[in-house]
Amino acid sequence: MASPNSSIMIQKTGGGNINIANIHSYSSTHNPNAPNLTRKTSLGTLRPNSSDDKIRALSLDTVSGSESARNSSYTIRINDTKANREKAFPSNYIRTTKYTILTFLPKNLFEQFRRVSNFYFLMIMILQLIPEITPLIPITSILPLAFVLAISAIKEAIEDHGRYKADQKNNMEQFKVIREGQLQTIFSQNIEVGEIVYIANGQHFPADLILLSSSNDDGICYVETANLDGETNLKIRKALDSTSVLQEVDELSQLKGVIQCETPNERLYRFNGRLLIESHNSSNHGLKDKERMLYSLNHTMFLQRGAQLRNTKYCYGVCVYAGVDTKLFLNQQPPPSKFSTVERLLNKFVFFIFGAQLTICFICAVISSVWEAQFGNIAWYVGAPEFSVPLYGVRNFFTYFVLYNTMIPISLWVTLEIVKVGQSRFMQWDEFMGAGPNGDGETAMKCKTSNLNEDLGRIQHIFSDKTGTLTENVMSFCKCSVRMDVFDEKLNPGSIAAAIDYPTTSEEQSEYIRSFMRVLALCHTVVTEVDSETNEITYQSQSPDETALVDTARNNGFVFVKRKADEIMIREQGMSTTYGLLAILEFSSMRRRMSVIVRTLDGRIKLLTKGADIVMMEKLSEGPGERKVKDETLKQLKLFSREGYRTLVLAERELSIDEFNDWKVAFHQANTALDNREEKVENVCKLIERDLTLLGCTAIEDKLQDQVPETIHYFLESGIQLWVLTGDKQETAINIGYSSRLLNPSMDLITINADSSEMCGDLLKQSLDKVTSQAHSTFQEFGLVIDGHSLSFALHDHPQEFLTLGKHCRSVICCRVTPLQKALVVRVVKQGEQKISLAIGDGANDVSMLVEAHVGVGIFGKEGTQAARASDYAIYQFKYLQRLLCIHGRFSYIRVAGLVQYSFYKNLCFTLGLFWFSIFNGYSGQTLYDAWIITFYNIVFTSIPPLLYGIFEKDLNSSVIEQHPQVYRSLQAGRLFTQRSFSIWLLDGLWHSIVVYFGSHLIFETEILKASGVTADIWTFGFLASTIAVVLVNLRMAIELKTWNVLHMVGIIGSILCYFLLLLFRSVWTPPETTYGILFELLTEPVFWFAFVLLPILALLPDFAIKYYWIQYFPSDWQILREKYRRKDLVEFKIGSMETFERPH
């Protein structure tokens, strides 16, 4: 239990990531001979010259702070529900659904009609409701549009119902809160801000809470944040000393105070606030009535909603953020929308077709006006005109606009959505991309979005993190240097501790080794778990590096045993030792170092620090003999880096009592600030982290993941340029580059290390001249390595030179980069080269890079799932990226490109028949096709074959693609879906429409007689033309297929049969004056069968001829490979058959 004489607990996180623990009269408790740092007063224990005297007896106005602070912060009263309700804080009810029962229909329709395509067909439907305009019955637009809207609405409803069930589960979970002096059980949704909540072990926190007390005497509890960031390691949360003693409900119900904290935000790992505890009747509280005390609040006592209480019987917390204000809810916002390049180009083609449709409508309207003016009086049989000639043309414009609306396929977007979902499911079901041996659902890759499937098949740049992405992120302590002495723990475990007692080791060096081991054992955030049966200690940490360091300390006799709020217990070479924990200055990506301030048994105060060499070397002391140690350590760091090890520098410094006390005052002032707290605290930290004594450095090995070299080599052969962005030192990054085959010995390696912008620009220009001069004369390959300092100059002052140089290099390594620089590199390359980029990483520091790239791929790492959650696709190992891109991505691009272009082709083939018919009907706007055929053409007769094509089409076997990376290169330029390819499909549709219409027209030129002796009418002509069109477009899909299966055959034949079933329905059900019996009359006419066979052959003959010509004389790579492996399989089949035949019985 914390001492009642403890002074103010001051803690900090965020930018500075500093955690000041209780500073108390440790010396009087643990060492009577130690100098006393504190003095007794009636108000508690204070240190000399402290500003703490001014902290007590503060008014609420002081807590509220300035006007700006009041406007930018929350003020919450503990156990004062009435006052809090007046401030209209949100309830704890959570609703993540998009709709309610009342809003589903209007809101869903509103969202669907925001799509340009749906709005277009809505306008068509409205025009069809005007009898004077429409040549068709309204059902031709109402039914297809209703079908599309219904499919999308059902999908939305299913997804939203799942969210509703999850919301209900969370809102109706029961918790205990303190109300009216006792614990009452209520639903989670009824918890209010300012109430004190009781949490039992294993429960998830229902709201964002401030920890008040726990079942542990020191106010510590353990939480797991897997629901927030995917990290399963336990984290420590510590209550204030003044509230940790409140264990009874009666005491907690009497607690009165004011919490002022920052307004709700989405930053999971930051919380800044302060607590003013007012009068309290408990003597354990250490305060007299009407006394007040101000405390700093931060993330170390903050319990996020969704986190779980672990290894703690219970805890109490006061609710500060509820419902929509909680950090979990604020982090559930959807990621920024990304659209594939195919989708962007598709939108352009839609506008082109729409423009062509308007043009055709205008031409037909003008010609209809001219025809009416010249022949209207002569053609008495069409009736007297209802409008004037100009108005007649205007009316006909809208008539043709309705008639030609099928030029844009209404079913395309629904088909695309279904196809992409199907492709995503096949990715997730791929047993070769599962983390486990069976690739089951628990370890399968995750598709967070299906919008970008086709872009996976056209990646040209990959930006990759190193640690945890290319490497396993399983750390193994290998070597270290202690004051110029090198130890190899990989070959000789325990050699560090053994050196302490070597006869040749001086007493001074032995003490340095002990100090080195103490830094490993004390300077960390590792949490211990003790097995109740074996008493074996296991370590958990957010970073695998820290676990490796603490394990090494244990292997050398310095065992980390336990951590409390104000002390750390270790065993030094068999002897139990307790160090007073005065401060923890936590590691962050900006600080790149971590420090602890401890008090030793003899009362000395020491600062222990570890961090990156680039930061630590600037903070070392320049005392006598230190220059030699520093230079030698730098050499050893370089050697370790060349071997591919991750390195850290360790140092210490002894502090005087006065220096520490003065620093504490400055820190307290910074730590209680609500505005710019991180910046202020970081500046204070710099005051004490200086003049350090260098102890040595460590070397930790992080092995490459399985098949990383082979995967990188495959990507390079596929024409993908790979950039590795890492925070490691240059030597380490280069070593990993060679071992991963990103670099090769024959490659000319260019390194850019500059101290100024001018120097960086000169180096870039020199390197660029060298590369361009040799590019035309030799086949020399280049690799580029640039450090973070030079990269900042290159990105801001010389982006074009940097981009051009990187473009000429086979691979690029950027080392010592920050998370922000990773995103900037991706942005510069993406915008400069206009090529599709992919970023892959495993940590929170990679999130900005993943979001910036066209496609973000996260890896389920050992440091959590932040990257996987923010990504578009998530996998378990880097090697699976090869299959994701070169198999699934390649197939998806081929399928989507073919599906989109075929959809426009089939509609153009069908719709242009109406245009040709206008030439022969005086441009009157008369339709040729039956309204029911127009209605079902897109949603039944021609929808299934392209849908199956988009899900199952394959040009090559997967095993062939894995053996030949060059086949991926052929798709990177996007030649399957370009203006040229789209135009070819449109010309094909134009040719087929000409054959369908004019072929049918020539047959009807002699006026076919029906079996009854009556001359064939327009509907007979129309049914013949529509029959040929439906059969033709389905057979055209058969030509396009490269892999046949039963589903494709059923889809094509079934679509044609559905058409004839509709004809049968129309022949039997409809009145005799329109289409009654028309199917039976057509089937009895020989000319129908003649056209049924001849016209599709005539239309498809050029397609066959052109395909044969290109395959025979200009084959693509995939066509050659397919022919090669087909022949190989055929030869092997023949040989196998012969052996079977010749085998004696």
# chains A, B, ... in the order shown; residues from 1 in each chain; ligands from 1
call {"tool": "residues_around", "arguments": {"residues": "A:Thr96", "least_positions_apart": "2", "cutoff": "12 Å", "atoms": "only C-alpha atoms", "output": "list in words"}}
result
Tyr93, Ile94, Lys98, Tyr99, Thr100, Glu159, Asp160, His161, Gly162, Arg163, Tyr164, Lys165, Ala166, Asp167, Gln168, Asn170, Asn171, Gly323, Val324, Leu328, Phe329, Leu330, Asn331, Gln332, Gln333 and Pro334 of chain A
call {"tool": "residues_around", "arguments": {"residues": "A:Val526", "least_positions_apart": "4", "cutoff": "12 Å", "atoms": "only C-alpha atoms", "output": "PyMOL selection string"}}
result
chain A and resi 233-236+520-522+537-551+560-564+568+586
call {"tool": "closest_residue", "arguments": {"among": "A:Leu947, A:Ala844, A:Val116, A:Val857", "to": "A:Leu899", "atoms": "only C-alpha atoms"}}
result
A:Leu947
call {"tool": "closest_residue", "arguments": {"among": "A:Leu122, A:Leu212, A:Val193, A:Leu908", "to": "A:Leu297", "atoms": "only C-alpha atoms"}}
result
A:Leu212
call {"tool": "residues_around", "arguments": {"residues": "A:Thr1075", "least_positions_apart": "4", "cutoff": "9 Å", "atoms": "only C-alpha atoms", "output": "MDAnalysis selection string"}}
result
chainID A and resid 930 1019:1020 1063 1066:1071 1079
call {"tool": "write_last_selection", "arguments": {"atoms": "C-alpha atoms", "output": "PDB file, in the first residue's frame"}}
result
ATOM      1  CA  ASP A 930     -41.187  -6.078 -76.799  1.00  0.00           C
ATOM      2  CA  TRP A1019     -43.593  -7.860 -83.272  1.00  0.00           C
ATOM      3  CA  THR A1020     -42.563 -10.898 -85.290  1.00  0.00           C
ATOM      4  CA  LEU A1063     -41.378 -15.899 -75.262  1.00  0.00           C
ATOM      5  CA  ARG A1066     -45.811 -13.884 -73.925  1.00  0.00           C
ATOM      6  CA  SER A1067     -47.229 -16.254 -76.529  1.00  0.00           C
ATOM      7  CA  VAL A1068     -49.704 -17.842 -74.143  1.00  0.00           C
ATOM      8  CA  TRP A1069     -50.650 -15.149 -71.635  1.00  0.00           C
ATOM      9  CA  THR A1070     -50.914 -11.926 -73.657  1.00  0.00           C
ATOM     10  CA  PRO A1071     -53.857 -10.796 -75.832  1.00  0.00           C
ATOM     11  CA  LEU A1079     -43.310 -18.267 -80.400  1.00  0.00           C
TER      12      LEU A1079
END
call {"tool": "closest_residue", "arguments": {"among": "A:Ser476, A:Ser242, A:Ser993, A:Thr818", "to": "A:Met293", "atoms": "only C-alpha atoms"}}
result
A:Ser242
call {"tool": "select_by_dssp", "arguments": {"residues": "stretch 300-362 of chain A", "states": "strand (DSSP E)", "output": "list of chain:residue names"}}
result
A:Phe302, A:Leu303, A:Gln308, A:Leu309, A:Arg310, A:Tyr314, A:Cys315, A:Tyr316, A:Gly317, A:Val318, A:Cys319, A:Val320, A:Tyr321
call {"tool": "write_last_selection", "arguments": {"atoms": "N, CA and C atoms", "output": "tab-separated table (two decimals), in the first residue's frame"}}
result
chain	number	residue	atom	x	y	z
A	302	PHE	N	-6.14	5.78	-17.02
A	302	PHE	CA	-7.27	5.88	-17.93
A	302	PHE	C	-7.65	4.50	-18.44
A	303	LEU	N	-8.91	4.13	-18.29
A	303	LEU	CA	-9.42	2.81	-18.69
A	303	LEU	C	-10.37	3.01	-19.87
A	308	GLN	N	-10.25	-4.82	-21.26
A	308	GLN	CA	-10.71	-5.83	-20.32
A	308	GLN	C	-9.85	-5.85	-19.07
A	309	LEU	N	-10.48	-5.96	-17.92
A	309	LEU	CA	-9.76	-6.07	-16.66
A	309	LEU	C	-9.23	-7.49	-16.51
A	310	ARG	N	-7.93	-7.61	-16.25
A	310	ARG	CA	-7.30	-8.92	-16.15
A	310	ARG	C	-6.45	-9.00	-14.89
A	314	TYR	N	-11.03	-6.79	-8.76
A	314	TYR	CA	-12.01	-5.76	-9.08
A	314	TYR	C	-11.31	-4.41	-9.11
A	315	CYS	N	-12.01	-3.42	-9.62
A	315	CYS	CA	-11.54	-2.05	-9.56
A	315	CYS	C	-12.74	-1.11	-9.62
A	316	TYR	N	-12.54	0.12	-9.20
A	316	TYR	CA	-13.55	1.16	-9.28
A	316	TYR	C	-13.02	2.27	-10.18
A	317	GLY	N	-13.91	2.80	-11.00
A	317	GLY	CA	-13.53	3.92	-11.87
A	317	GLY	C	-14.67	4.88	-12.05
A	318	VAL	N	-14.34	6.14	-12.23
A	318	VAL	CA	-15.36	7.16	-12.45
A	318	VAL	C	-15.48	7.42	-13.95
A	319	CYS	N	-16.69	7.46	-14.43
A	319	CYS	CA	-16.95	7.63	-15.86
A	319	CYS	C	-16.67	9.08	-16.29
A	320	VAL	N	-15.79	9.25	-17.28
A	320	VAL	CA	-15.48	10.58	-17.80
A	320	VAL	C	-16.01	10.78	-19.22
A	321	TYR	N	-15.98	9.73	-20.04
A	321	TYR	CA	-16.54	9.80	-21.39
A	321	TYR	C	-17.53	8.65	-21.53
call {"tool": "atom_distance", "arguments": {"atom1": "atom CA of A:Gly393", "atom2": "atom CA of A:Ile1018"}}
result
23.9 Å
call {"tool": "residues_around", "arguments": {"residues": "A:Gly761", "least_positions_apart": "2", "cutoff": "12 Å", "atoms": "only C-alpha atoms", "output": "list in words"}}
result
Ile752, Asn753, Ala754, Asp755, Ser756, Ser757, Glu758, Met759, Leu763, Leu764, Lys765, Gln766, Ser767, Leu768, Ser790, Leu791, Ser792, Phe793, Ala794, Leu795, His796, Asp797, His798, Pro799, Gln800, Glu801, Phe802 and Leu805 of chain A
call {"tool": "atom_distance", "arguments": {"atom1": "atom CA of A:Arg653", "atom2": "atom CA of A:Pro503"}}
result
27.4 Å
